[in-house]
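Printed here is final_35.cif (mmCIF, C-alpha atoms and all ligand atoms):
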```
data_coords
loop_
_atom_site.label_atom_id
_atom_site.label_comp_id
_atom_site.auth_asym_id
_atom_site.auth_seq_id
_atom_site.Cartn_x
_atom_site.Cartn_y
_atom_site.Cartn_z
CA MET A 1 -39.82 -144.97 70.20
CA HIS A 2 -38.23 -148.37 69.84
CA LEU A 3 -39.18 -150.95 72.50
CA ASP A 4 -37.43 -154.31 72.81
CA ARG A 5 -39.36 -157.58 73.23
CA ASP A 6 -39.32 -157.38 77.00
CA ASP A 7 -40.51 -153.76 77.01
CA GLU A 8 -43.36 -154.77 74.68
CA LYS A 9 -44.36 -157.66 76.93
CA MET A 10 -44.46 -155.33 79.90
CA LEU A 11 -46.49 -152.78 77.97
CA HIS A 12 -49.02 -155.48 77.09
CA GLY A 13 -49.46 -156.55 80.69
CA GLU A 14 -47.51 -159.83 80.69
CA TYR A 15 -45.69 -158.84 83.90
CA GLY A 16 -48.81 -157.62 85.69
CA GLU A 17 -50.88 -154.50 85.88
CA THR A 18 -48.45 -152.35 87.90
CA CYS A 19 -45.55 -153.01 85.52
CA GLN A 20 -47.87 -152.25 82.63
CA LYS A 21 -48.87 -148.91 84.15
CA MET A 22 -45.24 -148.04 84.87
CA MET A 23 -44.23 -148.87 81.30
CA GLU A 24 -47.10 -146.73 80.02
CA ILE A 25 -45.75 -143.77 82.05
CA LEU A 26 -42.26 -144.21 80.57
CA VAL A 27 -43.51 -144.65 77.01
CA ALA A 28 -45.72 -141.56 77.28
CA LEU A 29 -42.82 -139.54 78.67
CA GLY A 30 -40.45 -140.84 76.01
CA LYS A 31 -42.88 -139.88 73.23
CA VAL A 32 -43.38 -136.36 74.60
CA PHE A 33 -39.62 -135.74 74.79
CA GLY A 34 -38.64 -137.56 71.60
CA ALA A 35 -36.70 -140.45 73.20
CA ASP A 36 -35.50 -143.08 70.72
CA ARG A 37 -35.62 -145.98 73.25
CA LEU A 38 -35.47 -146.94 76.89
CA ILE A 39 -32.01 -147.29 78.46
CA PRO A 40 -31.04 -149.28 81.58
CA ILE A 41 -30.42 -147.32 84.77
CA THR A 42 -28.17 -148.27 87.69
CA SER A 43 -30.26 -146.60 90.41
CA ALA A 44 -33.38 -144.57 91.08
CA GLN A 45 -34.26 -141.99 93.70
CA VAL A 46 -37.93 -141.41 94.33
CA SER A 47 -39.50 -138.18 95.57
CA GLY A 48 -43.07 -137.64 96.71
CA ALA A 49 -42.49 -139.37 100.01
CA SER A 50 -43.89 -136.94 102.58
CA TYR A 51 -47.57 -137.10 103.44
CA LYS A 52 -47.36 -133.31 103.61
CA THR A 53 -46.67 -133.16 99.85
CA ILE A 54 -48.49 -136.19 98.36
CA GLY A 55 -51.49 -136.40 100.70
CA GLU A 56 -54.22 -139.03 100.66
CA TRP A 57 -54.33 -139.49 96.89
CA GLY A 58 -50.60 -140.24 96.77
CA LEU A 59 -50.87 -142.75 99.62
CA LYS A 60 -53.76 -144.58 97.94
CA TRP A 61 -51.87 -144.70 94.62
CA LEU A 62 -48.75 -146.15 96.27
CA GLU A 63 -50.79 -148.74 98.14
CA SER A 64 -52.40 -149.87 94.87
CA LEU A 65 -49.04 -150.82 93.29
CA GLN A 66 -48.04 -154.49 93.20
CA ALA A 67 -44.45 -154.82 91.99
CA LYS A 68 -40.81 -154.68 93.11
CA VAL A 69 -38.16 -152.23 92.02
CA ALA A 70 -35.65 -153.63 89.53
CA VAL A 71 -32.66 -151.46 90.55
CA PRO A 72 -31.36 -150.05 93.87
CA THR A 73 -33.87 -147.34 94.74
CA ILE A 74 -33.73 -144.82 97.51
CA LEU A 75 -36.42 -142.60 98.98
CA ASN A 76 -36.35 -138.83 99.34
CA PRO A 77 -36.94 -137.37 102.85
CA VAL A 78 -40.34 -138.20 104.32
CA GLY A 79 -42.42 -135.97 106.60
CA MET A 80 -40.94 -137.07 109.94
CA PRO A 81 -38.20 -139.19 111.51
CA ARG A 82 -39.28 -142.83 111.67
CA GLU A 83 -38.67 -142.86 115.44
CA GLY A 84 -39.10 -140.08 117.99
CA TRP A 85 -41.67 -138.17 115.92
CA GLU A 86 -43.81 -137.47 119.01
CA GLU A 87 -40.93 -135.53 120.62
CA ILE A 88 -40.82 -132.94 117.84
CA GLY A 89 -44.57 -132.34 117.72
CA ILE A 90 -45.76 -134.55 114.84
CA SER A 91 -49.42 -135.49 115.33
CA ARG A 92 -50.48 -139.14 115.54
CA ASP A 93 -52.82 -138.67 112.55
CA PHE A 94 -49.96 -137.44 110.37
CA ALA A 95 -47.61 -140.12 111.67
CA GLU A 96 -50.02 -142.94 110.83
CA LYS A 97 -50.40 -141.69 107.26
CA GLN A 98 -46.65 -141.19 106.91
CA LEU A 99 -45.88 -144.66 108.25
CA ALA A 100 -48.37 -146.10 105.74
CA ILE A 101 -46.50 -144.34 102.90
CA ILE A 102 -43.19 -145.72 104.17
CA GLU A 103 -44.72 -149.19 104.37
CA ALA A 104 -45.99 -148.91 100.79
CA TYR A 105 -42.48 -148.04 99.60
CA ARG A 106 -41.02 -150.90 101.67
CA HIS A 107 -43.47 -153.25 99.95
CA LEU A 108 -42.14 -152.05 96.58
CA GLY A 109 -38.57 -152.89 97.65
CA VAL A 110 -37.43 -149.28 98.00
CA ARG A 111 -34.52 -148.79 100.42
CA LEU A 112 -35.80 -146.73 103.34
CA GLU A 113 -32.80 -144.46 103.62
CA CYS A 114 -34.88 -141.32 103.29
CA THR A 115 -32.40 -138.78 102.03
CA CYS A 116 -31.77 -136.15 99.39
CA THR A 117 -28.03 -137.01 99.45
CA PRO A 118 -27.98 -140.57 98.07
CA TYR A 119 -24.51 -139.84 96.64
CA TYR A 120 -23.11 -140.15 100.20
CA LEU A 121 -24.16 -143.81 100.10
CA HIS A 122 -21.72 -144.55 97.26
CA MET A 123 -24.48 -145.58 94.90
CA VAL A 124 -23.39 -143.69 91.79
CA LYS A 125 -20.38 -143.40 89.47
CA TYR A 126 -19.29 -141.25 86.53
CA GLY A 127 -21.15 -141.96 83.29
CA GLU A 128 -23.94 -144.05 84.84
CA HIS A 129 -27.54 -143.45 83.77
CA LEU A 130 -29.95 -142.83 86.65
CA ALA A 131 -33.56 -141.83 87.26
CA TRP A 132 -33.36 -139.49 90.24
CA ALA A 133 -36.08 -137.11 91.28
CA GLU A 134 -34.84 -134.81 94.04
CA SER A 135 -33.61 -131.66 92.30
CA SER A 136 -30.56 -131.11 94.53
CA ALA A 137 -29.48 -134.74 94.11
CA VAL A 138 -30.02 -134.56 90.35
CA VAL A 139 -27.85 -131.48 89.94
CA TYR A 140 -25.10 -133.00 92.15
CA ALA A 141 -25.12 -136.33 90.29
CA ASN A 142 -24.93 -134.66 86.88
CA SER A 143 -22.47 -131.91 87.73
CA VAL A 144 -20.14 -133.16 90.45
CA ILE A 145 -20.14 -136.89 89.67
CA GLY A 146 -20.77 -136.82 85.92
CA ALA A 147 -23.60 -139.35 86.08
CA ARG A 148 -26.61 -138.75 83.82
CA THR A 149 -30.15 -138.15 84.97
CA ASN A 150 -33.06 -135.97 84.05
CA ARG A 151 -34.97 -134.29 86.85
CA GLU A 152 -37.65 -136.93 87.24
CA GLY A 153 -41.03 -136.47 88.86
CA GLY A 154 -42.02 -138.83 91.67
CA PRO A 155 -44.16 -141.13 89.44
CA SER A 156 -41.63 -141.27 86.56
CA ALA A 157 -38.75 -142.06 88.95
CA LEU A 158 -40.80 -144.85 90.51
CA ALA A 159 -41.80 -146.14 87.05
CA ALA A 160 -38.12 -146.20 86.04
CA ALA A 161 -37.22 -147.97 89.31
CA ILE A 162 -39.78 -150.72 88.67
CA VAL A 163 -38.97 -151.11 84.97
CA GLY A 164 -35.21 -150.65 85.49
CA LYS A 165 -35.04 -148.28 82.51
CA THR A 166 -35.69 -144.67 81.60
CA PRO A 167 -36.45 -142.91 78.29
CA ASN A 168 -33.28 -141.83 76.51
CA TYR A 169 -33.64 -138.05 76.17
CA GLY A 170 -32.48 -134.78 77.74
CA LEU A 171 -29.46 -135.04 80.02
CA HIS A 172 -28.84 -138.68 79.08
CA HIS A 173 -27.30 -137.27 75.86
CA ILE A 174 -23.88 -135.66 76.20
CA GLY A 175 -24.85 -133.04 73.58
CA ASN A 176 -27.57 -131.69 75.90
CA ARG A 177 -25.13 -131.15 78.76
CA CYS A 178 -23.20 -128.30 77.16
CA PRO A 179 -23.03 -124.97 79.09
CA SER A 180 -25.24 -122.21 77.71
CA ILE A 181 -24.48 -119.32 80.09
CA ALA A 182 -21.32 -118.34 81.99
CA PHE A 183 -20.96 -116.80 85.44
CA THR A 184 -18.07 -114.98 87.01
CA LEU A 185 -17.95 -113.50 90.48
CA ASP A 186 -17.17 -109.91 91.27
CA GLY A 187 -14.03 -110.01 93.38
CA GLY A 188 -13.59 -113.74 92.59
CA GLY A 189 -11.39 -115.24 95.29
CA ASP A 190 -12.31 -112.66 97.96
CA LEU A 191 -15.97 -113.57 97.71
CA THR A 192 -15.54 -117.32 97.51
CA ALA A 193 -13.06 -117.39 100.40
CA ARG A 194 -15.95 -116.38 102.67
CA GLU A 195 -17.67 -119.05 104.69
CA ASP A 196 -20.86 -120.63 103.31
CA VAL A 197 -21.25 -118.20 100.45
CA PHE A 198 -22.07 -120.72 97.72
CA GLY A 199 -25.71 -121.18 98.73
CA ALA A 200 -26.20 -117.44 98.23
CA ILE A 201 -24.30 -117.48 94.93
CA GLY A 202 -26.48 -120.39 93.75
CA TYR A 203 -29.65 -118.59 94.86
CA ILE A 204 -28.73 -115.62 92.63
CA ALA A 205 -27.30 -117.64 89.72
CA GLY A 206 -30.36 -119.92 89.55
CA LYS A 207 -32.68 -116.92 89.09
CA LYS A 208 -30.49 -115.58 86.29
CA ALA A 209 -29.89 -118.94 84.60
CA GLY A 210 -33.49 -120.19 84.53
CA ALA A 211 -33.31 -123.40 82.49
CA LYS A 212 -29.86 -122.68 81.02
CA ILE A 213 -26.75 -124.68 81.90
CA PRO A 214 -24.27 -122.55 83.87
CA LEU A 215 -20.51 -122.61 83.54
CA PHE A 216 -18.65 -120.95 86.42
CA THR A 217 -15.17 -119.61 85.86
CA GLY A 218 -12.55 -118.45 88.36
CA ILE A 219 -13.88 -120.38 91.36
CA ARG A 220 -12.79 -123.56 93.11
CA PRO A 221 -15.53 -124.73 95.50
CA ARG A 222 -15.07 -127.75 97.75
CA ARG A 223 -17.50 -130.69 97.39
CA GLU A 224 -19.95 -129.44 100.02
CA GLU A 225 -19.86 -125.99 98.44
CA LEU A 226 -20.71 -127.52 95.06
CA LYS A 227 -23.63 -129.24 96.80
CA SER A 228 -24.93 -125.91 98.17
CA LEU A 229 -24.39 -124.10 94.88
CA GLY A 230 -26.27 -126.69 92.82
CA ALA A 231 -29.13 -127.16 95.29
CA ALA A 232 -29.82 -123.42 95.38
CA MET A 233 -29.68 -123.09 91.57
CA ALA A 234 -32.10 -126.00 91.22
CA ALA A 235 -34.48 -124.25 93.64
CA THR A 236 -34.50 -120.71 92.24
CA GLY A 237 -34.01 -121.76 88.60
CA ALA A 238 -34.49 -125.01 86.73
CA VAL A 239 -30.82 -125.94 86.78
CA SER A 240 -30.16 -129.70 86.63
CA ILE A 241 -26.50 -129.53 85.64
CA PHE A 242 -23.70 -126.97 85.86
CA HIS A 243 -19.98 -126.95 85.22
CA VAL A 244 -17.03 -125.33 86.97
CA GLU A 245 -14.08 -124.67 84.70
CA GLY A 246 -11.09 -126.77 85.64
CA LEU A 247 -12.99 -128.65 88.34
CA THR A 248 -16.15 -130.59 87.50
CA PRO A 249 -15.69 -133.73 85.41
CA GLU A 250 -17.36 -132.65 82.16
CA ALA A 251 -16.15 -129.03 82.03
CA ARG A 252 -13.16 -129.92 79.87
CA ILE A 253 -15.34 -131.74 77.30
CA PHE A 254 -17.05 -128.44 76.49
CA LYS A 255 -13.95 -126.26 76.52
CA TYR A 256 -14.43 -125.01 72.94
CA GLU A 257 -18.20 -124.60 73.05
CA SER A 258 -17.78 -122.43 76.17
CA ARG A 259 -15.71 -119.70 74.56
CA ASN A 260 -18.45 -117.37 73.29
CA LEU A 261 -21.06 -117.71 75.99
CA GLU A 262 -23.02 -114.78 77.37
CA THR A 263 -21.29 -114.03 80.69
CA ILE A 264 -23.00 -112.67 83.80
CA THR A 265 -21.08 -111.27 86.74
CA ILE A 266 -22.57 -111.87 90.17
CA ASP A 267 -21.99 -108.80 92.24
CA LYS A 268 -20.72 -108.95 95.82
CA SER A 269 -23.51 -106.56 96.88
CA GLU A 270 -26.16 -109.01 95.58
CA VAL A 271 -24.64 -111.74 97.74
CA ASP A 272 -24.36 -109.47 100.80
CA ALA A 273 -28.02 -108.46 100.46
CA LEU A 274 -29.16 -112.05 101.08
CA PHE A 275 -27.49 -112.25 104.51
CA GLY A 276 -30.01 -110.16 106.47
CA GLU A 277 -30.55 -109.64 110.20
CA MET A 278 -33.81 -110.84 111.76
CA GLU A 279 -34.96 -112.33 115.06
CA VAL A 280 -35.60 -116.05 114.61
CA ASP A 281 -37.49 -118.73 116.58
CA ALA A 282 -35.44 -121.68 115.38
CA VAL A 283 -32.34 -122.60 113.39
CA ALA A 284 -32.19 -125.40 110.81
CA ILE A 285 -29.09 -126.81 109.10
CA GLY A 286 -28.88 -129.61 106.55
CA CYS A 287 -30.52 -128.64 103.26
CA PRO A 288 -29.36 -130.74 101.45
CA HIS A 289 -28.69 -133.30 104.19
CA CYS A 290 -25.33 -132.85 105.96
CA SER A 291 -22.21 -134.77 105.02
CA PRO A 292 -19.99 -136.40 107.68
CA ASP A 293 -17.56 -133.45 107.43
CA GLU A 294 -20.37 -130.95 107.91
CA LEU A 295 -21.48 -132.77 111.08
CA ILE A 296 -17.90 -132.58 112.37
CA THR A 297 -17.81 -128.82 111.68
CA ILE A 298 -21.13 -128.29 113.48
CA ALA A 299 -19.92 -130.36 116.45
CA ARG A 300 -16.76 -128.24 116.63
CA LEU A 301 -18.77 -125.00 116.51
CA LEU A 302 -21.04 -126.24 119.31
CA LYS A 303 -18.23 -127.45 121.56
CA GLY A 304 -18.66 -126.25 125.16
CA THR A 305 -21.98 -124.50 124.45
CA LYS A 306 -25.67 -125.17 125.03
CA VAL A 307 -28.40 -124.20 122.60
CA LYS A 308 -30.87 -121.53 123.72
CA LYS A 309 -33.08 -121.75 120.64
CA PRO A 310 -34.26 -124.92 118.90
CA LEU A 311 -31.47 -126.09 116.58
CA PHE A 312 -32.25 -128.88 114.12
CA ILE A 313 -29.60 -130.66 112.07
CA PHE A 314 -30.77 -132.91 109.23
CA ALA A 315 -28.77 -135.77 107.74
CA SER A 316 -29.31 -139.24 106.38
CA ARG A 317 -29.60 -142.19 108.75
CA GLU A 318 -26.40 -143.70 107.35
CA VAL A 319 -24.36 -140.50 107.70
CA ILE A 320 -25.64 -140.10 111.27
CA ARG A 321 -24.75 -143.73 112.05
CA THR A 322 -21.19 -143.35 110.75
CA SER A 323 -20.59 -139.96 112.42
CA LYS A 324 -21.26 -141.06 116.00
CA ALA A 325 -18.69 -138.88 117.78
CA ALA A 326 -19.84 -135.71 116.03
CA VAL A 327 -23.52 -136.55 116.49
CA ASP A 328 -23.03 -137.27 120.22
CA ALA A 329 -21.26 -133.92 120.63
CA ILE A 330 -24.07 -132.08 118.82
CA ILE A 331 -26.74 -133.77 120.94
CA ARG A 332 -24.84 -132.86 124.16
CA SER A 333 -25.35 -129.19 123.25
CA GLY A 334 -29.13 -129.71 123.24
CA ALA A 335 -29.45 -129.59 119.44
CA LYS A 336 -31.43 -132.31 117.66
CA VAL A 337 -29.96 -134.44 114.89
CA ILE A 338 -32.85 -135.72 112.80
CA PRO A 339 -32.82 -138.43 110.12
CA ASP A 340 -35.37 -139.27 107.40
CA THR A 341 -36.89 -135.82 106.98
CA CYS A 342 -36.01 -132.16 106.48
CA MET A 343 -36.94 -128.60 107.38
CA VAL A 344 -39.08 -128.22 104.26
CA VAL A 345 -41.05 -131.46 103.93
CA SER A 346 -41.88 -131.99 107.61
CA PRO A 347 -44.92 -130.23 109.10
CA PHE A 348 -43.20 -129.85 112.50
CA MET A 349 -41.24 -126.83 111.23
CA GLU A 350 -44.54 -125.01 110.60
CA GLN A 351 -44.78 -124.22 114.34
CA TYR A 352 -41.98 -121.63 113.90
CA ARG A 353 -42.61 -118.19 112.45
CA SER A 354 -39.02 -117.34 111.51
CA ILE A 355 -36.26 -119.81 110.77
CA MET A 356 -32.54 -119.24 110.25
CA VAL A 357 -30.92 -121.44 107.61
CA ASP A 358 -27.48 -121.78 106.06
CA SER A 359 -28.80 -122.91 102.67
CA GLY A 360 -29.80 -121.04 99.52
CA LYS A 361 -32.32 -123.76 98.72
CA ALA A 362 -33.93 -123.53 102.17
CA LEU A 363 -33.99 -119.74 101.86
CA ALA A 364 -36.08 -120.21 98.71
CA TYR A 365 -38.42 -122.92 100.05
CA VAL A 366 -38.98 -122.23 103.76
CA PRO A 367 -41.37 -119.28 103.18
CA SER A 368 -43.64 -121.16 100.77
CA MET A 369 -43.43 -124.65 102.29
CA CYS A 370 -43.34 -123.80 106.03
CA GLY A 371 -45.14 -120.44 105.97
CA ALA A 372 -42.23 -118.92 107.93
CA LEU A 373 -39.82 -116.07 107.31
CA ALA A 374 -36.34 -117.29 106.42
CA ARG A 375 -33.01 -115.70 107.35
CA LEU A 376 -29.79 -116.78 105.66
CA GLY A 377 -26.61 -117.03 107.70
CA THR A 378 -23.29 -118.78 107.59
CA ARG A 379 -23.02 -121.97 109.62
CA THR A 380 -21.00 -120.10 112.27
CA GLU A 381 -23.72 -117.44 112.49
CA CYS A 382 -26.42 -120.11 112.70
CA ILE A 383 -24.68 -121.71 115.67
CA ARG A 384 -24.05 -118.33 117.30
CA VAL A 385 -27.75 -117.41 117.00
CA ALA A 386 -28.86 -120.83 118.32
CA THR A 387 -26.57 -120.62 121.34
CA SER A 388 -26.99 -116.97 122.34
CA SER A 389 -29.73 -115.73 124.68
CA SER A 390 -30.86 -112.71 122.63
FE1 LIG A 401 -33.11 -132.03 100.92
FE2 LIG A 401 -35.29 -131.10 102.01
FE3 LIG A 401 -33.42 -129.44 101.23
S1 LIG A 401 -35.16 -132.72 100.52
S2 LIG A 401 -32.44 -130.47 99.53
S3 LIG A 401 -33.22 -130.97 102.84
S4 LIG A 401 -35.60 -129.18 100.94
#
```
What does the file become when written as structure tokens?
Amino acid sequence: MHLDRDDEKMLHGEYGETCQKMMEILVALGKVFGADRLIPITSAQVSGASYKTIGEWGLKWLESLQAKVAVPTILNPVGMPREGWEEIGISRDFAEKQLAIIEAYRHLGVRLECTCTPYYLHMVKYGEHLAWAESSAVVYANSVIGARTNREGGPSALAAAIVGKTPNYGLHHIGNRCPSIAFTLDGGGDLTAREDVFGAIGYIAGKKAGAKIPLFTGIRPRREELKSLGAAMAATGAVSIFHVEGLTPEARIFKYESRNLETITIDKSEVDALFGEMEVDAVAIGCPHCSPDELITIARLLKGTKVKKPLFIFASREVIRTSKAAVDAIIRSGAKVIPDTCMVVSPFMEQYRSIMVDSGKALAYVPSMCGALARLGTRTECIRVATSSS
């Protein structure tokens, strides 16, 4: 792999030990995947931010680093909101460890907007090269925006953030972004006209696609639906990019390559089977973190009601700040709007045995990460369950 003079200096320790270690990570990764060189990135997004997932070893490693990030870098959700963590049942022991992790990232110059939806902060454009780690953000950036990022691990995203570059392989090459499997939907428009169905479609498509690159035909999801579709496929498969014919920015580039793809039809009955009935203890919405429009929808659904079961809504700090009217309305119902964390990476959700979600990704992760049963519902159903007595 070719390294320029500056890369070489960093590799030989001229910019300090942390930069040297970070360069070593990138060079090792580049060699494994056959990268020809390092390329500049415009932003990074770092995962491995919750004490629940990285533990003591991760904290110690972060505290040992002495450097600053070279590009705008954002953090994935951490294990609790930075304020008000006592109110939701986070222990002081956990909070102290989590605050130490946040402090370590602050020291590195990472922006403490702890979110899996950095694209709502206007930090990415078509064609830019990134080093993002959160799988749902990666698939959105590649597919919906047309930026280019591999699905980084926490350490490689942080290494790229500090070096300001990433190895040039995988999804940084246009030739590796070509669809390799096609999906159609049984009943097409009828199915997709239903509310909140794209998380379920993504849940099924991800299992069938595995590591292939899906092309969807005959559908026209809105932006938030594309977010749900991609997040679920990234969770149940290893999907980091997908295309929707006539909609997503790179679909037309691959028009000819797409003609002879193996095509799988997703059956309506498969989708219906995911929407089961089950008593739940709590309801959680915002996986990935809610957009401003989603907060407005939730506020409208909650209007004039009070919650009878715990209802948690997750969104980024910035989206919450700019959606004040909707957030105030949601809080008036008794629901909690929580920044910085999420239903999967925070230990406070482990106190519930059964959780209703409106997300295909959460449906996949809640059982393993929270040890709870998960029920999938539309957003309207989620609000109905949270506000009814039974
Ligand atoms: Fe985001 Fe947590 Fe879901 S990081 S995508 S809300 S599992």
Grab me every residue within 10 Å of ligand LIG 401 (chain A), counting only C-alpha atoms and all ligand atoms, and send it over as a PyMOL selection string.
chain A and resi 47+49-50+76-79+114-117+134-137+227-228+230-232+234-235+284-290+313-316+340-346+359-366+369
Neighbouring residues of Ala386 of chain A were defined as those with any atom within 7 Å, considering all atoms listed in the file; residues of the same chain fewer than 5 positions away were excluded. Please report them as a PyMOL selection string.
chain A and resi 283+307-311
Just the residues within 8 Å of Ser354 of chain A, please, counting all atoms listed in the file, with nothing from its chain fewer than 5 positions along; format it as a PyMOL selection string.
chain A and resi 279-282+372-375
Please return, as a PyMOL selection string, all polymer residues that have at least one atom within 9 Å of the point (-23.3, -117.1, 74.3); use only C-alpha atoms and the file's own coordinate frame.
chain A and resi 180-182+258-263
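The two atoms in question, atom CA of Gly30 of chain A and atom CA of Arg5 of chain A, are spaced 17.0 Å apart.
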